[in-house]
Every structure is written in structure tokens, then in C-alpha cells.
Amino acid sequence: MLIELKISTKLREDLIDITDLVLEKIEQSGIKNGIAVIFVPHTTAAILINENSDPMVKKDILEYYKRNVPLDYDYYHVEGNSDAHIKSTLIGNSLTLIVENSKVILGSWQGIFFCEFDGPRIRKVYIKIIPG
Amino acid sequence: MLIELKISTKLREDLIDITDLVLEKIEQSGIKNGIAVIFVPHTTAAILINENSDPMVKKDILEYYKRNVPLDYDYYHVEGNSDAHIKSTLIGNSLTLIVENSKVILGSWQGIFFCEFDGPRIRKVYIKIIPG
Amino acid sequence: MLIELKISTKLREDLIDITDLVLEKIEQSGIKNGIAVIFVPHTTAAILINENSDPMVKKDILEYYKRNVPLDYDYYHVEGNSDAHIKSTLIGNSLTLIVENSKVILGSWQGIFFCEFDGPRIRKVYIKIIPG
């Protein structure tokens, strides 16, 4: 089964917590056991799993990527978003979740974040469920 | 089939070679062909595949992440482990192996490393096997 | 089904656009719906998805990794390719594509790049197809 999510981002760079939305969609699919592949079809976006309990962690992550991959630099690509493409390659645009007994396995502190580095935009995320 | 591993780390930051353990568990499962998804349910840990022949490579990798993501910095999150959360997002907490003819496909120089950046801790790694 | 690709690289560091080759192999396999796991069995190589429309993006990505992970540094591993091992861990060596209605899902601007950081070499890429 293929699920498509729509996500609106409001800032140039942001981590949007989509944990509840992703878990609801996967668990509503009726899958009991298997995997769920998450795929982001955009080149300035990414997907990551990290702490969503203290929102300061998200701020530290965003700030690190800003500091580490500067917006202003003498890039070859002239659209002004090379930093966003590079950040996307560092984090990656697919990940795989495990489903067991109708529940997605996530650690107590883990949340799923959609990452946009060249927003604001309306974006898609695909979730493909493979029973097994 | 879902397999759960327990891993004890001894240092704040370490790469633990879990290749033999992971291969043994997957190959003992009786799967002939398919994939094995590895998932780490922790926010200061990660999983990577790289050279495990010369242990100096592991030292270089660890040192790079230390240098690139400083422990001491004016972070927003006050628990003193923001560097570990950031390192976890750079490496990632899931990966997928291919199983063919009852063997996991790995290159000659490749080993599987569990990465802890805020230990010592007792940690879990999940392996989900999907035949196909 | 397991597919094996051979890729020749010509430079020490390069991103080779393998989109057409990967899509052709997956779509020729006859799979209608499912996933395709891509796995790189080398420790100085990696696989990423990003923009392949403007070739300047690829140049910016390559230059960032060169700048961020220096070739010349006082590394422990003495083979002179520690930078390549580290770059491989930042990008990762596996990713998963979704197949729907006999087509691989990719965004309009997305291409699949094989990354070599210690070439030139002849390299392998495995693709494992799981229907579902």
C-alpha cells in the first residue's frame, strides 16, 4: 500500500514533527507486521529521526546544519539553494521503519522529522508498506 | 521475523563492530533471500557500514565526528549531549542489508558498526527480516 | 530478484549519475509494486539522491565534501583515503526506492548518484527488488 502525505512548511529551514501523522497512517493501514519505507521526492528536503521531547534539540540540529553548510558561499549553482541540496545529502531522503504487532517501533525519545532547507513550500512524503 | 540485540557500550563515544552478531542472527533465521532492515531506537546512537579491517579507520571516523560537531558549544538543549544528537542525524539510524542464497551481501572490507555518542549505555538494535 | 551493476569511475572523487541505468533495470524486472533496495558494497563509495538537472549542483556537493573532510590531515589510517571512508559514512551506502504501477517514484528534479571518493575504480552496486 502507498500513502501520500502533504506537508506545508512555513520557514526557509525547518524540522516539522510528523510522527503522529506517520504513525496514524501506518497503523490505520491495517498492517500487522512488516516495514514502512518513507521516501521524500524533493532535493532540498530530507527525513530524519531524533528527539522530539525537548524542542531545543531540534533548534540545535537546525543551527548545526546552518553553521556547517553556509547559505552564503561562492557556489557554482546560481539559484541560491546549494546549501539546501548539500544538507539534504547529509541527512538523506529515505528511511525504513519496522512494524510489529500493528505498532511502529520507535524509541521513547524518537520522533520523525520532515526537514526542509529551502522553504516555505508544499511538499510530499510517500510511505510504502510491505507486510512480512 | 523480528530480532532484538542488546549492546553494551563502554565509552562516551564509540563504534562497536557488530558484524558477526548481525550476520549470525540473520543467517540463523533461515531466510534464503530477501532483506534485513536494521533499526536503532535511540537518539544519540546510529548505525553505519564501513571498513573494519584496519581499526585505525574507526579511530579516524570517530575523531572526525568529534572535531566536526563539538561537545562544548553554546547549545540550546542543556543536557550536554546535543553533539550526540547531531552526530546521530548525520549518520542515520536505519539501514537495509540484502540477503542472497542464505548469506548477507557485504563487501570484503565492510563491517557493521553500532555508533554510540553519549554512552556508556546498554542499547538495543532491531533487525526485521523480509523474505522476497 | 537481485540485480548487479558495474560502474567505472574516472576520477578520485566523482558523482556518477546512474538514474537511467537503475530505473531501466528495475522497470525491466517486471515488478509492478514494491520496493527496490540499493546497496553499495564498498567503503569509500556511497549512494545519494539529489538534483541532476543543473550539473553545477553536483559540483557544489563534491566541493562541500572535499572542503569539509580534508584529504590531507594527520589521520591514523595510513593508506591516504581516510577522507573517503568518512565521506562514505556521511552519505551512506544504502537507500530504498518505491515502485508503483511499474514505475520508480522519483521527484522531478531527483537523480540517483553513485559516489566514489577514492577512485578511479570499477565498482559494484546491488539492487534487490521486493514486491509488495
# chains A, B, ... in the order shown; residues from 1 in each chain; ligands from 1
>>> interface_residues(of="chain B", to="chain C", cutoff="6 Å", atoms="only C-alpha atoms", output="list in words")
Asn50, Glu51, Met56, Val57, Ile61, Leu90, Ile91, Leu106, Gly107 and Gly132 of chain B
>>> select_by_dssp(residues="chain A", states="strand (DSSP E or B)", output="ChimeraX atom specification")
/A:2-8,14-17,34-39,45-51,94-100,103-104,110-116,122-131
>>> calpha_fit_and_write(fixed="chain B", moving="chain C", output="PDB file with C-alpha atoms, in the first residue's frame")
ATOM      1  CA  MET C   1      10.788 -12.141  11.850  1.00  0.00           C
ATOM      2  CA  LEU C   2      11.957  -9.556  14.405  1.00  0.00           C
ATOM      3  CA  ILE C   3      15.298  -9.931  16.192  1.00  0.00           C
ATOM      4  CA  GLU C   4      16.397  -7.792  19.146  1.00  0.00           C
ATOM      5  CA  LEU C   5      20.072  -7.312  20.016  1.00  0.00           C
ATOM      6  CA  LYS C   6      21.461  -5.857  23.239  1.00  0.00           C
ATOM      7  CA  ILE C   7      24.699  -3.903  23.034  1.00  0.00           C
ATOM      8  CA  SER C   8      26.761  -2.567  25.943  1.00  0.00           C
ATOM      9  CA  THR C   9      28.990   0.397  25.238  1.00  0.00           C
ATOM     10  CA  LYS C  10      31.897   1.333  27.492  1.00  0.00           C
ATOM     11  CA  LEU C  11      32.895   4.838  26.375  1.00  0.00           C
ATOM     12  CA  ARG C  12      31.070   8.108  25.772  1.00  0.00           C
ATOM     13  CA  GLU C  13      31.728   7.768  22.040  1.00  0.00           C
ATOM     14  CA  ASP C  14      32.467   4.507  20.322  1.00  0.00           C
ATOM     15  CA  LEU C  15      31.921   2.437  17.200  1.00  0.00           C
ATOM     16  CA  ILE C  16      31.187  -1.176  18.172  1.00  0.00           C
ATOM     17  CA  ASP C  17      31.747  -3.782  15.474  1.00  0.00           C
ATOM     18  CA  ILE C  18      28.553  -5.897  15.467  1.00  0.00           C
ATOM     19  CA  THR C  19      29.127  -7.582  12.083  1.00  0.00           C
ATOM     20  CA  ASP C  20      29.484 -11.153  13.346  1.00  0.00           C
ATOM     21  CA  LEU C  21      26.491 -10.840  15.668  1.00  0.00           C
ATOM     22  CA  VAL C  22      24.238  -9.368  12.952  1.00  0.00           C
ATOM     23  CA  LEU C  23      25.267 -11.907  10.309  1.00  0.00           C
ATOM     24  CA  GLU C  24      24.846 -14.821  12.694  1.00  0.00           C
ATOM     25  CA  LYS C  25      21.339 -13.727  13.715  1.00  0.00           C
ATOM     26  CA  ILE C  26      20.207 -13.125  10.131  1.00  0.00           C
ATOM     27  CA  GLU C  27      21.709 -16.315   8.753  1.00  0.00           C
ATOM     28  CA  GLN C  28      20.339 -18.384  11.668  1.00  0.00           C
ATOM     29  CA  SER C  29      16.841 -17.081  10.921  1.00  0.00           C
ATOM     30  CA  GLY C  30      16.660 -19.448   7.974  1.00  0.00           C
ATOM     31  CA  ILE C  31      15.963 -16.701   5.425  1.00  0.00           C
ATOM     32  CA  LYS C  32      17.210 -17.670   1.962  1.00  0.00           C
ATOM     33  CA  ASN C  33      16.553 -14.462   0.004  1.00  0.00           C
ATOM     34  CA  GLY C  34      15.250 -11.070   1.020  1.00  0.00           C
ATOM     35  CA  ILE C  35      16.254  -8.029   3.018  1.00  0.00           C
ATOM     36  CA  ALA C  36      17.112  -7.275   6.635  1.00  0.00           C
ATOM     37  CA  VAL C  37      16.254  -3.828   8.008  1.00  0.00           C
ATOM     38  CA  ILE C  38      18.394  -2.662  10.933  1.00  0.00           C
ATOM     39  CA  PHE C  39      16.831  -0.025  13.176  1.00  0.00           C
ATOM     40  CA  VAL C  40      18.369   1.767  16.174  1.00  0.00           C
ATOM     41  CA  PRO C  41      15.707   3.118  18.592  1.00  0.00           C
ATOM     42  CA  HIS C  42      17.979   5.688  20.298  1.00  0.00           C
ATOM     43  CA  THR C  43      18.554   9.382  19.601  1.00  0.00           C
ATOM     44  CA  THR C  44      22.266   9.601  20.437  1.00  0.00           C
ATOM     45  CA  ALA C  45      23.184   6.409  18.585  1.00  0.00           C
ATOM     46  CA  ALA C  46      23.409   5.412  14.927  1.00  0.00           C
ATOM     47  CA  ILE C  47      24.340   2.570  12.587  1.00  0.00           C
ATOM     48  CA  LEU C  48      26.913   2.589   9.781  1.00  0.00           C
ATOM     49  CA  ILE C  49      28.802   0.283   7.460  1.00  0.00           C
ATOM     50  CA  ASN C  50      32.500   0.905   6.801  1.00  0.00           C
ATOM     51  CA  GLU C  51      35.937  -0.694   6.928  1.00  0.00           C
ATOM     52  CA  ASN C  52      36.567  -2.991   9.905  1.00  0.00           C
ATOM     53  CA  SER C  53      39.875  -4.406   8.702  1.00  0.00           C
ATOM     54  CA  ASP C  54      42.238  -1.681   9.922  1.00  0.00           C
ATOM     55  CA  PRO C  55      40.962  -0.407  13.323  1.00  0.00           C
ATOM     56  CA  MET C  56      42.602   2.944  12.532  1.00  0.00           C
ATOM     57  CA  VAL C  57      39.722   3.717  10.132  1.00  0.00           C
ATOM     58  CA  LYS C  58      37.279   3.566  13.048  1.00  0.00           C
ATOM     59  CA  LYS C  59      39.537   5.938  15.011  1.00  0.00           C
ATOM     60  CA  ASP C  60      39.613   8.392  12.099  1.00  0.00           C
ATOM     61  CA  ILE C  61      35.834   8.284  11.742  1.00  0.00           C
ATOM     62  CA  LEU C  62      35.254   8.869  15.466  1.00  0.00           C
ATOM     63  CA  GLU C  63      37.788  11.697  15.538  1.00  0.00           C
ATOM     64  CA  TYR C  64      36.218  13.398  12.521  1.00  0.00           C
ATOM     65  CA  TYR C  65      32.780  13.474  14.153  1.00  0.00           C
ATOM     66  CA  LYS C  66      34.290  14.802  17.402  1.00  0.00           C
ATOM     67  CA  ARG C  67      36.114  17.571  15.559  1.00  0.00           C
ATOM     68  CA  ASN C  68      33.208  18.410  13.278  1.00  0.00           C
ATOM     69  CA  VAL C  69      30.480  18.498  15.951  1.00  0.00           C
ATOM     70  CA  PRO C  70      31.982  19.953  19.124  1.00  0.00           C
ATOM     71  CA  LEU C  71      30.924  18.693  22.546  1.00  0.00           C
ATOM     72  CA  ASP C  72      31.400  22.154  24.025  1.00  0.00           C
ATOM     73  CA  TYR C  73      29.307  24.749  22.279  1.00  0.00           C
ATOM     74  CA  ASP C  74      26.573  27.152  23.270  1.00  0.00           C
ATOM     75  CA  TYR C  75      23.750  24.664  22.586  1.00  0.00           C
ATOM     76  CA  TYR C  76      20.072  25.340  23.423  1.00  0.00           C
ATOM     77  CA  HIS C  77      19.476  21.830  24.837  1.00  0.00           C
ATOM     78  CA  VAL C  78      21.009  21.788  28.309  1.00  0.00           C
ATOM     79  CA  GLU C  79      21.645  18.070  28.845  1.00  0.00           C
ATOM     80  CA  GLY C  80      25.160  18.287  27.415  1.00  0.00           C
ATOM     81  CA  ASN C  81      24.553  15.780  24.629  1.00  0.00           C
ATOM     82  CA  SER C  82      23.447  17.934  21.693  1.00  0.00           C
ATOM     83  CA  ASP C  83      26.609  16.922  19.831  1.00  0.00           C
ATOM     84  CA  ALA C  84      25.482  13.284  20.108  1.00  0.00           C
ATOM     85  CA  HIS C  85      22.006  14.036  18.722  1.00  0.00           C
ATOM     86  CA  ILE C  86      23.553  15.897  15.772  1.00  0.00           C
ATOM     87  CA  LYS C  87      26.055  13.106  15.016  1.00  0.00           C
ATOM     88  CA  SER C  88      23.162  10.636  15.040  1.00  0.00           C
ATOM     89  CA  THR C  89      21.356  12.666  12.330  1.00  0.00           C
ATOM     90  CA  LEU C  90      24.501  12.778  10.161  1.00  0.00           C
ATOM     91  CA  ILE C  91      24.969   8.996  10.183  1.00  0.00           C
ATOM     92  CA  GLY C  92      21.364   7.823  10.446  1.00  0.00           C
ATOM     93  CA  ASN C  93      19.623   5.160  12.490  1.00  0.00           C
ATOM     94  CA  SER C  94      18.417   2.663   9.898  1.00  0.00           C
ATOM     95  CA  LEU C  95      19.968   0.725   7.050  1.00  0.00           C
ATOM     96  CA  THR C  96      18.973  -2.203   4.877  1.00  0.00           C
ATOM     97  CA  LEU C  97      21.004  -5.296   4.033  1.00  0.00           C
ATOM     98  CA  ILE C  98      20.381  -7.718   1.157  1.00  0.00           C
ATOM     99  CA  VAL C  99      20.289 -11.491   1.771  1.00  0.00           C
ATOM    100  CA  GLU C 100      21.028 -13.807  -1.159  1.00  0.00           C
ATOM    101  CA  ASN C 101      21.397 -17.602  -1.000  1.00  0.00           C
ATOM    102  CA  SER C 102      21.263 -17.529   2.812  1.00  0.00           C
ATOM    103  CA  LYS C 103      24.166 -15.037   3.031  1.00  0.00           C
ATOM    104  CA  VAL C 104      24.183 -11.312   3.788  1.00  0.00           C
ATOM    105  CA  ILE C 105      25.824  -9.347   0.970  1.00  0.00           C
ATOM    106  CA  LEU C 106      28.735  -7.313   2.344  1.00  0.00           C
ATOM    107  CA  GLY C 107      31.861  -6.074   0.569  1.00  0.00           C
ATOM    108  CA  SER C 108      35.234  -7.628   1.526  1.00  0.00           C
ATOM    109  CA  TRP C 109      36.176  -4.636   3.671  1.00  0.00           C
ATOM    110  CA  GLN C 110      32.750  -3.832   5.094  1.00  0.00           C
ATOM    111  CA  GLY C 111      31.762  -4.223   8.714  1.00  0.00           C
ATOM    112  CA  ILE C 112      28.620  -3.086  10.532  1.00  0.00           C
ATOM    113  CA  PHE C 113      29.179  -0.645  13.389  1.00  0.00           C
ATOM    114  CA  PHE C 114      26.803   0.385  16.147  1.00  0.00           C
ATOM    115  CA  CYS C 115      27.653   4.020  16.965  1.00  0.00           C
ATOM    116  CA  GLU C 116      27.138   5.492  20.432  1.00  0.00           C
ATOM    117  CA  PHE C 117      27.866   9.166  21.030  1.00  0.00           C
ATOM    118  CA  ASP C 118      26.546   9.582  24.579  1.00  0.00           C
ATOM    119  CA  GLY C 119      27.477   6.410  26.414  1.00  0.00           C
ATOM    120  CA  PRO C 120      28.278   4.282  28.199  1.00  0.00           C
ATOM    121  CA  ARG C 121      24.832   2.687  27.887  1.00  0.00           C
ATOM    122  CA  ILE C 122      23.016  -0.568  27.313  1.00  0.00           C
ATOM    123  CA  ARG C 123      21.356  -0.240  23.908  1.00  0.00           C
ATOM    124  CA  LYS C 124      19.006  -2.112  21.590  1.00  0.00           C
ATOM    125  CA  VAL C 125      19.182  -2.820  17.868  1.00  0.00           C
ATOM    126  CA  TYR C 126      16.222  -4.287  15.971  1.00  0.00           C
ATOM    127  CA  ILE C 127      16.575  -6.431  12.857  1.00  0.00           C
ATOM    128  CA  LYS C 128      13.481  -7.142  10.780  1.00  0.00           C
ATOM    129  CA  ILE C 129      13.717  -9.820   8.098  1.00  0.00           C
ATOM    130  CA  ILE C 130      11.541  -9.632   4.993  1.00  0.00           C
ATOM    131  CA  PRO C 131      11.782 -12.611   2.643  1.00  0.00           C
ATOM    132  CA  GLY C 132      11.398 -11.930  -1.057  1.00  0.00           C
TER     133      GLY C 132
END
>>> select_by_dssp(residues="stretch 32-128 of chain A", states="alpha helix (DSSP H)", output="ChimeraX atom specification")
/A:55-68,82-91
